[in-house]
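Have a look at the structure below, then the notes.
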Amino acid sequence: MNVLLRRPLDREILRLAVPALGALVAEPLFLLADSAMVGHLGVAPLAGLGIASAVLQTIVGLMVFLAYSTTPAVARRLGAGDERGAVAAGVDGSWLALGLGIVLAAAGWLASPFLVGLFGASPDVTAEATTYLTLSMLGLPAMLLVFATTGLLRGLQDTRTPLAVAVGGFGANIILNFVFIYVAGLGIAGSALGTVVAQWAMVVVYAVIVVRHARRVGAPLLPHHGGIGRTARAGGWLFLRTASLRAAMLLAVFAATRLGPDELAAFQVTMTVFATLAFALDALAIAAQALVGKGLGAGRLDDVREVLRRCVQWGLGAGVVLGAATLALSPVAAGLFTSDPSVAALLPVALAIIGVSAPLGGYVFVLDGVLIGAGDARYLALTGVLNVAVFIPLALAVVAWGSHDAGGLAALTAAFAFGYLGARALTLGLRARGQAWMRPGAER
């Protein structure tokens, strides 16, 4: 594709990626807001937030297949000219999300003390983490519904609507957290409740939007057994892929816990910044998912290959820009998240490492999105297990020999940012070079 034809593709990528950026950043911004407000309550609440967030994000992250399987399914049908079938696939995904959310919320409410206790933190940190995690379970069905409905809209090539909903949800979250934490004096419990209320408000808005789409194309609003089954089956491999990602995150948090409470609190901030950059870079992955799915549905394989190439170039460039900004701010950013001097002193080097690794992250996240959009979930799942196997000895080495100071935290951050992401870059890059993932048609 020559330069003149490349420009429309670039505009299409940016049309999807720029609004997706705002929507994707909303979730880590929830955590950034929580970290900033809770951080000023003391070390124990911030460290407790770190443990609770790790557990909660693990549960939610394992269900991300609700978006990642819905987006390509909807996009392929849209590319094949079946808009009614596209919307129906998204509706089925939403019903599956609601059912899973209710079951997981009930189980999580009962299991929260046990899950937090697995980290072996100090009693005060454990108490704060249990409070936050238990209350956050009330918003779990809402989080999963947001996943599924967002996947439907992305598959329809609409990322602007999720942006508008995310901005509204983030604004409400900030206000509610401030009121509940400081005005009502609820502490870390107020942070959890503020986020839960904001999440359910987002669901109400999405429900109205989905109903309008269904009525416009004549798609059914009631669940279809076959459609739910297809979504569940397609999501099985993505579930395993996501489980490997969360296993790596949990292992990193476990290692930080062994370094000490201050190091754990600092690692919570570090990984929150990493998540913010990851979600920002993942905007290009979302554009790739939608465009690759639609292109394969229409059978345009040359266009799909060009989407891959251009999205990777955009990912590397965005990683350089975001990484440079993170690196520049690393000496002064600690004060935004904590007023504790011992925690603040640990952060500059770790945040600098996150900044340096950002271009590698851009490459990884874009290729991940391309293969998800193609429905190549089996490969992602199997290599995900291999990537974790690479990270395990690195994390254990930090636990065994890492110092209980900024050096130990930096070693753990580097093991994750370069060791784990490096393994993912290798396995994804090898797959993308071939043709096996490019299967055309309305269904893979």
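Each chain of the structure tokens is named A, B, ... in the order shown, its residues numbered from 1; ligands are numbered from 1 in display order.
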
Requested in this report: Excluding Val208 (chain A) and any residue of its chain fewer than 6 positions from it, enumerate the residues within 12 Å of it, using only C-alpha atoms, and give them as a list of chain:residue names.
Outcome: A:Thr149, A:Thr161, A:Val165, A:Ala201, A:Met202, A:Ala214, A:Arg215, A:Leu221

**Report entry** Backbone DSSP call of alpha helix (DSSP H) for region 159-245 of chain A, listed as a PyMOL selection string
**Finding:** chain A and resi 160-178+188-217+225-245

Any chance you could export the current selection's C-alpha atoms as a compact mmCIF listing (two decimals), in the first residue's frame?
# COMPACT_ATOMS: atom_id res chain seq x y z
CA ARG A 160 -16.28 7.49 20.87
CA THR A 161 -19.27 6.36 22.90
CA PRO A 162 -17.14 4.36 25.38
CA LEU A 163 -14.96 7.47 25.74
CA ALA A 164 -17.93 9.63 26.71
CA VAL A 165 -19.18 7.05 29.22
CA ALA A 166 -15.69 6.58 30.68
CA VAL A 167 -15.13 10.32 31.14
CA GLY A 168 -18.44 10.63 32.95
CA GLY A 169 -17.67 7.62 35.13
CA PHE A 170 -14.20 8.90 36.00
CA GLY A 171 -15.53 12.32 36.95
CA ALA A 172 -18.20 10.78 39.16
CA ASN A 173 -15.61 8.48 40.75
CA ILE A 174 -13.36 11.38 41.75
CA ILE A 175 -16.19 13.34 43.34
CA LEU A 176 -17.72 10.34 45.13
CA ASN A 177 -14.36 9.17 46.47
CA PHE A 178 -13.56 12.59 47.87
CA ILE A 188 -10.53 3.18 52.43
CA ALA A 189 -14.14 1.94 52.55
CA GLY A 190 -15.24 5.25 51.04
CA SER A 191 -12.86 4.77 48.14
CA ALA A 192 -14.37 1.39 47.34
CA LEU A 193 -17.96 2.63 47.63
CA GLY A 194 -17.32 5.66 45.42
CA THR A 195 -15.94 3.46 42.65
CA VAL A 196 -18.83 0.98 42.91
CA VAL A 197 -21.46 3.70 42.52
CA ALA A 198 -19.65 5.16 39.50
CA GLN A 199 -19.41 1.73 37.86
CA TRP A 200 -23.14 1.03 38.12
CA ALA A 201 -23.94 4.48 36.73
CA MET A 202 -21.87 3.59 33.66
CA VAL A 203 -23.87 0.38 33.24
CA VAL A 204 -27.15 2.28 33.15
CA VAL A 205 -25.85 4.46 30.34
CA TYR A 206 -24.54 1.49 28.36
CA ALA A 207 -27.84 -0.37 28.74
CA VAL A 208 -29.71 2.49 27.06
CA ILE A 209 -27.20 2.56 24.20
CA VAL A 210 -27.32 -1.19 23.57
CA VAL A 211 -31.13 -1.22 23.53
CA ARG A 212 -31.13 1.54 20.92
CA HIS A 213 -28.72 -0.38 18.68
CA ALA A 214 -30.75 -3.57 18.99
CA ARG A 215 -33.98 -1.84 18.06
CA ARG A 216 -32.32 -0.06 15.13
CA VAL A 217 -31.24 -3.30 13.45
CA HIS A 225 -28.47 -19.99 24.16
CA GLY A 226 -26.38 -20.70 21.09
CA GLY A 227 -24.89 -17.20 21.04
CA ILE A 228 -23.93 -17.32 24.70
CA GLY A 229 -22.37 -20.74 24.15
CA ARG A 230 -20.28 -19.47 21.24
CA THR A 231 -19.08 -16.51 23.29
CA ALA A 232 -18.16 -18.76 26.19
CA ARG A 233 -16.30 -21.22 23.95
CA ALA A 234 -14.43 -18.46 22.14
CA GLY A 235 -13.48 -16.96 25.47
CA GLY A 236 -12.04 -20.16 26.92
CA TRP A 237 -8.59 -19.75 25.38
CA LEU A 238 -8.66 -16.01 26.10
CA PHE A 239 -9.44 -16.86 29.70
CA LEU A 240 -6.27 -18.95 29.89
CA ARG A 241 -4.29 -16.21 28.16
CA THR A 242 -5.52 -13.66 30.66
CA ALA A 243 -4.92 -16.04 33.56
CA SER A 244 -1.25 -16.14 32.62
CA LEU A 245 -1.10 -12.34 32.62

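Of the listed residues (A:Leu110, A:Ala381, A:Leu66, A:Val343), A:Leu66 comes nearest to Gly151 (chain A); the distances count only C-alpha atoms.
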
Query raised in the report: Which neighbours of Leu281 (chain A) fall inside 8 Å, counting only C-alpha atoms, when residues of the same chain fewer than 2 positions from it are skipped, and could you give them as a ChimeraX atom specification?
Result: /A:21,277-279,283-285,315,318-319,361-362,365-366

Preceding selection exported with C-alpha atoms as a tab-separated table (two decimals), in the first residue's frame:
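Output file part07.tsv is given in full below:
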chain	number	residue	atom	x	y	z
A	21	LEU	CA	-7.34	6.00	24.63
A	277	LEU	CA	0.74	3.50	30.32
A	278	ALA	CA	-0.40	0.03	29.28
A	279	PHE	CA	-3.99	1.09	28.87
A	283	ALA	CA	-5.73	2.08	22.53
A	284	LEU	CA	-3.84	1.11	19.39
A	285	ALA	CA	-4.47	-2.55	20.19
A	315	GLY	CA	2.78	1.53	19.10
A	318	ALA	CA	3.68	6.16	21.27
A	319	GLY	CA	5.79	4.09	23.65
A	361	GLY	CA	5.18	-2.37	25.95
A	362	GLY	CA	3.79	-0.57	22.91
A	365	PHE	CA	0.24	-4.59	23.37
A	366	VAL	CA	-0.33	-3.87	19.68

**Report entry** Distance query Gly85 (chain A) at most 10 Å, only C-alpha atoms, self and fewer than 3 positions along chain excluded, as a PyMOL selection string
**Finding:** chain A and resi 73-74+76-78+80-82+88-91+217-220+227

Keeping only N, CA, C and O atoms, write the selected residues to a file as a compact mmCIF listing (two decimals), in the first residue's frame.
# COMPACT_ATOMS: atom_id res chain seq x y z
N ALA A 73 -15.81 -10.90 17.26
CA ALA A 73 -17.02 -11.57 16.78
C ALA A 73 -17.97 -10.56 16.13
O ALA A 73 -18.53 -10.82 15.06
N VAL A 74 -18.14 -9.42 16.78
CA VAL A 74 -19.00 -8.37 16.22
C VAL A 74 -18.37 -7.79 14.95
O VAL A 74 -19.05 -7.59 13.93
N ARG A 76 -16.19 -9.12 12.81
CA ARG A 76 -16.21 -10.05 11.67
C ARG A 76 -17.59 -10.05 11.02
O ARG A 76 -17.69 -10.03 9.78
N ARG A 77 -18.65 -10.10 11.81
CA ARG A 77 -20.00 -10.09 11.23
C ARG A 77 -20.31 -8.77 10.54
O ARG A 77 -20.98 -8.73 9.51
N LEU A 78 -19.81 -7.68 11.13
CA LEU A 78 -20.00 -6.37 10.50
C LEU A 78 -19.27 -6.33 9.16
O LEU A 78 -19.82 -5.85 8.15
N ALA A 80 -18.64 -8.80 7.26
CA ALA A 80 -19.34 -9.69 6.33
C ALA A 80 -20.70 -9.14 5.92
O ALA A 80 -21.43 -9.78 5.14
N GLY A 81 -21.10 -7.97 6.44
CA GLY A 81 -22.36 -7.34 6.06
C GLY A 81 -23.56 -7.72 6.89
O GLY A 81 -24.69 -7.40 6.54
N ASP A 82 -23.37 -8.39 8.03
CA ASP A 82 -24.48 -8.84 8.88
C ASP A 82 -24.50 -8.01 10.17
O ASP A 82 -24.07 -8.44 11.22
N ALA A 88 -26.49 -8.77 17.76
CA ALA A 88 -26.97 -9.91 18.54
C ALA A 88 -25.83 -10.60 19.28
O ALA A 88 -25.99 -11.03 20.44
N ALA A 89 -24.66 -10.70 18.65
CA ALA A 89 -23.51 -11.31 19.32
C ALA A 89 -23.09 -10.49 20.53
O ALA A 89 -22.74 -11.04 21.58
N GLY A 90 -23.17 -9.16 20.41
CA GLY A 90 -22.84 -8.31 21.55
C GLY A 90 -23.85 -8.41 22.68
O GLY A 90 -23.48 -8.36 23.86
N VAL A 91 -25.12 -8.53 22.35
CA VAL A 91 -26.16 -8.69 23.37
C VAL A 91 -25.97 -9.99 24.14
O VAL A 91 -26.08 -10.03 25.38
N VAL A 217 -31.51 -2.25 14.44
CA VAL A 217 -31.24 -3.30 13.45
C VAL A 217 -32.15 -4.52 13.59
O VAL A 217 -32.04 -5.48 12.84
N GLY A 218 -33.05 -4.48 14.59
CA GLY A 218 -33.97 -5.59 14.79
C GLY A 218 -33.36 -6.79 15.47
O GLY A 218 -33.84 -7.92 15.30
N ALA A 219 -32.32 -6.57 16.26
CA ALA A 219 -31.68 -7.68 16.97
C ALA A 219 -32.43 -7.98 18.26
O ALA A 219 -32.98 -7.08 18.90
N PRO A 220 -32.47 -9.23 18.70
CA PRO A 220 -33.19 -9.58 19.93
C PRO A 220 -32.45 -9.07 21.16
O PRO A 220 -31.21 -9.01 21.18
N GLY A 227 -25.82 -18.33 21.07
CA GLY A 227 -24.89 -17.20 21.04
C GLY A 227 -24.06 -17.12 22.29
O GLY A 227 -22.86 -16.84 22.24

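In terms of minimum interatomic distance to Ala358 (chain A), A:Thr326 ranks closest within A:Gln57, A:Ser342, A:Ser136, A:Thr326, counting only C-alpha atoms.
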
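The interatomic distance for the pair CA of Tyr420 (chain A) and CA of Phe391 (chain A) works out to 5.3 Å.
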
Query raised in the report: Which is closest to Ala23 (chain A) among A:Leu153, A:Ala414, A:Val388, A:Ala97, if we use only C-alpha atoms?
Result: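 So, comparing all the options, the nearest one is A:Leu153.
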
Just the residues within 7 Å of Ala265 (chain A), please, counting only C-alpha atoms, with nothing from its chain fewer than 4 positions along; format it as an mmCIF file with N, CA, C and O atoms, in the first residue's frame.
data_model
loop_
_atom_site.group_PDB
_atom_site.id
_atom_site.type_symbol
_atom_site.label_atom_id
_atom_site.label_comp_id
_atom_site.auth_asym_id
_atom_site.auth_seq_id
_atom_site.Cartn_x
_atom_site.Cartn_y
_atom_site.Cartn_z
ATOM 1 N N VAL A 43 0.499 4.585 55.197
ATOM 2 C CA VAL A 43 1.140 3.460 54.511
ATOM 3 C C VAL A 43 0.240 2.225 54.499
ATOM 4 O O VAL A 43 0.098 1.550 53.477
ATOM 5 N N LEU A 46 -2.594 2.383 51.884
ATOM 6 C CA LEU A 46 -2.071 2.310 50.525
ATOM 7 C C LEU A 46 -1.568 0.907 50.203
ATOM 8 O O LEU A 46 -1.824 0.372 49.120
ATOM 9 N N ALA A 47 -0.860 0.296 51.138
ATOM 10 C CA ALA A 47 -0.403 -1.073 50.928
ATOM 11 C C ALA A 47 -1.590 -2.031 50.826
ATOM 12 O O ALA A 47 -1.600 -2.959 50.006
ATOM 13 N N GLY A 50 -3.015 -1.894 47.514
ATOM 14 C CA GLY A 50 -2.202 -2.647 46.573
ATOM 15 C C GLY A 50 -2.600 -4.111 46.517
ATOM 16 O O GLY A 50 -2.750 -4.692 45.436
ATOM 17 N N PRO A 261 6.536 -3.707 53.827
ATOM 18 C CA PRO A 261 5.346 -2.866 53.635
ATOM 19 C C PRO A 261 5.611 -1.608 52.810
ATOM 20 O O PRO A 261 4.796 -1.243 51.956
ATOM 21 N N VAL A 269 2.110 1.816 43.648
ATOM 22 C CA VAL A 269 2.153 3.032 42.844
ATOM 23 C C VAL A 269 2.826 2.755 41.497
ATOM 24 O O VAL A 269 2.354 3.178 40.435
ATOM 25 N N VAL A 343 8.227 5.851 51.615
ATOM 26 C CA VAL A 343 7.669 5.290 50.385
ATOM 27 C C VAL A 343 8.087 6.132 49.179
ATOM 28 O O VAL A 343 8.481 5.602 48.132
#

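The smallest atom-to-atom distance between His404 (chain A) and any of A:Ile392, A:Ala255, A:Leu428, A:Val320, using only C-alpha atoms, is found for A:Ala255.
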
Requested in this report: Might you pull out every residue within 8 Å of region 423-426 of chain A, with only C-alpha atoms counted and same-chain residues fewer than 2 positions away left off, and present them as a PyMOL selection string?
Outcome: chain A and resi 360+363-364+383-384+387+390+419-421+428-430

Restricted to N, CA and C atoms, what would the selected residues look like written as a PDB file, in the first residue's frame?
ATOM      1  N   LEU A 360       8.830  -1.040  24.465  1.00  0.00           N
ATOM      2  CA  LEU A 360       8.640  -2.491  24.409  1.00  0.00           C
ATOM      3  C   LEU A 360       7.186  -2.839  24.689  1.00  0.00           C
ATOM      4  N   TYR A 363       4.958  -2.234  21.604  1.00  0.00           N
ATOM      5  CA  TYR A 363       5.089  -3.326  20.632  1.00  0.00           C
ATOM      6  C   TYR A 363       4.268  -4.540  21.066  1.00  0.00           C
ATOM      7  N   VAL A 364       4.387  -4.909  22.335  1.00  0.00           N
ATOM      8  CA  VAL A 364       3.692  -6.086  22.856  1.00  0.00           C
ATOM      9  C   VAL A 364       2.180  -5.909  22.805  1.00  0.00           C
ATOM     10  N   THR A 383       1.246 -19.679  24.604  1.00  0.00           N
ATOM     11  CA  THR A 383       2.490 -18.935  24.798  1.00  0.00           C
ATOM     12  C   THR A 383       2.442 -18.077  26.061  1.00  0.00           C
ATOM     13  N   GLY A 384       1.238 -17.726  26.522  1.00  0.00           N
ATOM     14  CA  GLY A 384       1.125 -16.992  27.775  1.00  0.00           C
ATOM     15  C   GLY A 384       1.673 -17.792  28.944  1.00  0.00           C
ATOM     16  N   ASN A 387       5.421 -17.616  28.772  1.00  0.00           N
ATOM     17  CA  ASN A 387       5.944 -16.320  29.217  1.00  0.00           C
ATOM     18  C   ASN A 387       6.022 -16.243  30.741  1.00  0.00           C
ATOM     19  N   VAL A 390       9.002 -17.994  32.124  1.00  0.00           N
ATOM     20  CA  VAL A 390      10.232 -17.196  32.046  1.00  0.00           C
ATOM     21  C   VAL A 390      10.335 -16.243  33.234  1.00  0.00           C
ATOM     22  N   GLY A 419      11.960  -8.605  31.673  1.00  0.00           N
ATOM     23  CA  GLY A 419      11.955 -10.057  31.574  1.00  0.00           C
ATOM     24  C   GLY A 419      10.640 -10.601  31.070  1.00  0.00           C
ATOM     25  N   TYR A 420       9.546 -10.245  31.725  1.00  0.00           N
ATOM     26  CA  TYR A 420       8.245 -10.774  31.333  1.00  0.00           C
ATOM     27  C   TYR A 420       7.779 -10.184  30.008  1.00  0.00           C
ATOM     28  N   LEU A 421       7.834  -8.852  29.869  1.00  0.00           N
ATOM     29  CA  LEU A 421       7.410  -8.240  28.612  1.00  0.00           C
ATOM     30  C   LEU A 421       8.310  -8.666  27.452  1.00  0.00           C
ATOM     31  N   LEU A 428       5.004 -13.169  20.580  1.00  0.00           N
ATOM     32  CA  LEU A 428       4.039 -12.472  19.723  1.00  0.00           C
ATOM     33  C   LEU A 428       4.662 -12.114  18.382  1.00  0.00           C
ATOM     34  N   GLY A 429       5.903 -11.652  18.417  1.00  0.00           N
ATOM     35  CA  GLY A 429       6.567 -11.263  17.182  1.00  0.00           C
ATOM     36  C   GLY A 429       6.752 -12.421  16.217  1.00  0.00           C
ATOM     37  N   LEU A 430       7.096 -13.582  16.745  1.00  0.00           N
ATOM     38  CA  LEU A 430       7.268 -14.754  15.892  1.00  0.00           C
ATOM     39  C   LEU A 430       5.953 -15.134  15.203  1.00  0.00           C
TER      40      LEU A 430
END

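With distances restricted to only C-alpha atoms, A:Leu367 is the closest residue to Trp437 (chain A) from A:Ile59, A:Leu386, A:Ala184, A:Leu367.
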
Query raised in the report: Of the residues A:Gln157, A:Thr270, A:Thr257, A:Thr58, which is the one nearest to Leu140 (chain A), using only C-alpha atoms?
Result: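 So, comparing all the options, the nearest one is A:Thr58.
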
Requested in this report: Could you tell me how far CA of Arg7 (chain A) lies from CA of Ala75 (chain A), in Å and to one decimal?
Outcome: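 Taking CA of Arg7 (chain A) as the start and CA of Ala75 (chain A) as the end point, the length is 22.0 Å.
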
Requested in this report: Just the residues within 7 Å of Val64 (chain A), please, counting only C-alpha atoms, with nothing from its chain fewer than 4 positions along; format it as an MDAnalysis selection string.
Outcome: chainID A and resid 60 68 147

Requested in this report: Work out how far apart CA of Ala275 (chain A) and CA of Ala410 (chain A) are and give it in Å to one decimal.
Outcome: 16.8 Å

If you take only C-alpha atoms and a cut-off of 8 Å, which residues of region 226-300 of chain A touch region 51-56 of chain A, and what are their nearest atom pairs and distances in Å to one decimal, in chain and number order, as JSON lines?
{"residue": "A:Met249", "atom": "CA", "partner": "A:Ala54", "partner_atom": "CA", "distance": 7.4}
{"residue": "A:Leu250", "atom": "CA", "partner": "A:Ala54", "partner_atom": "CA", "distance": 6.5}
{"residue": "A:Val253", "atom": "CA", "partner": "A:Ala54", "partner_atom": "CA", "distance": 7.3}
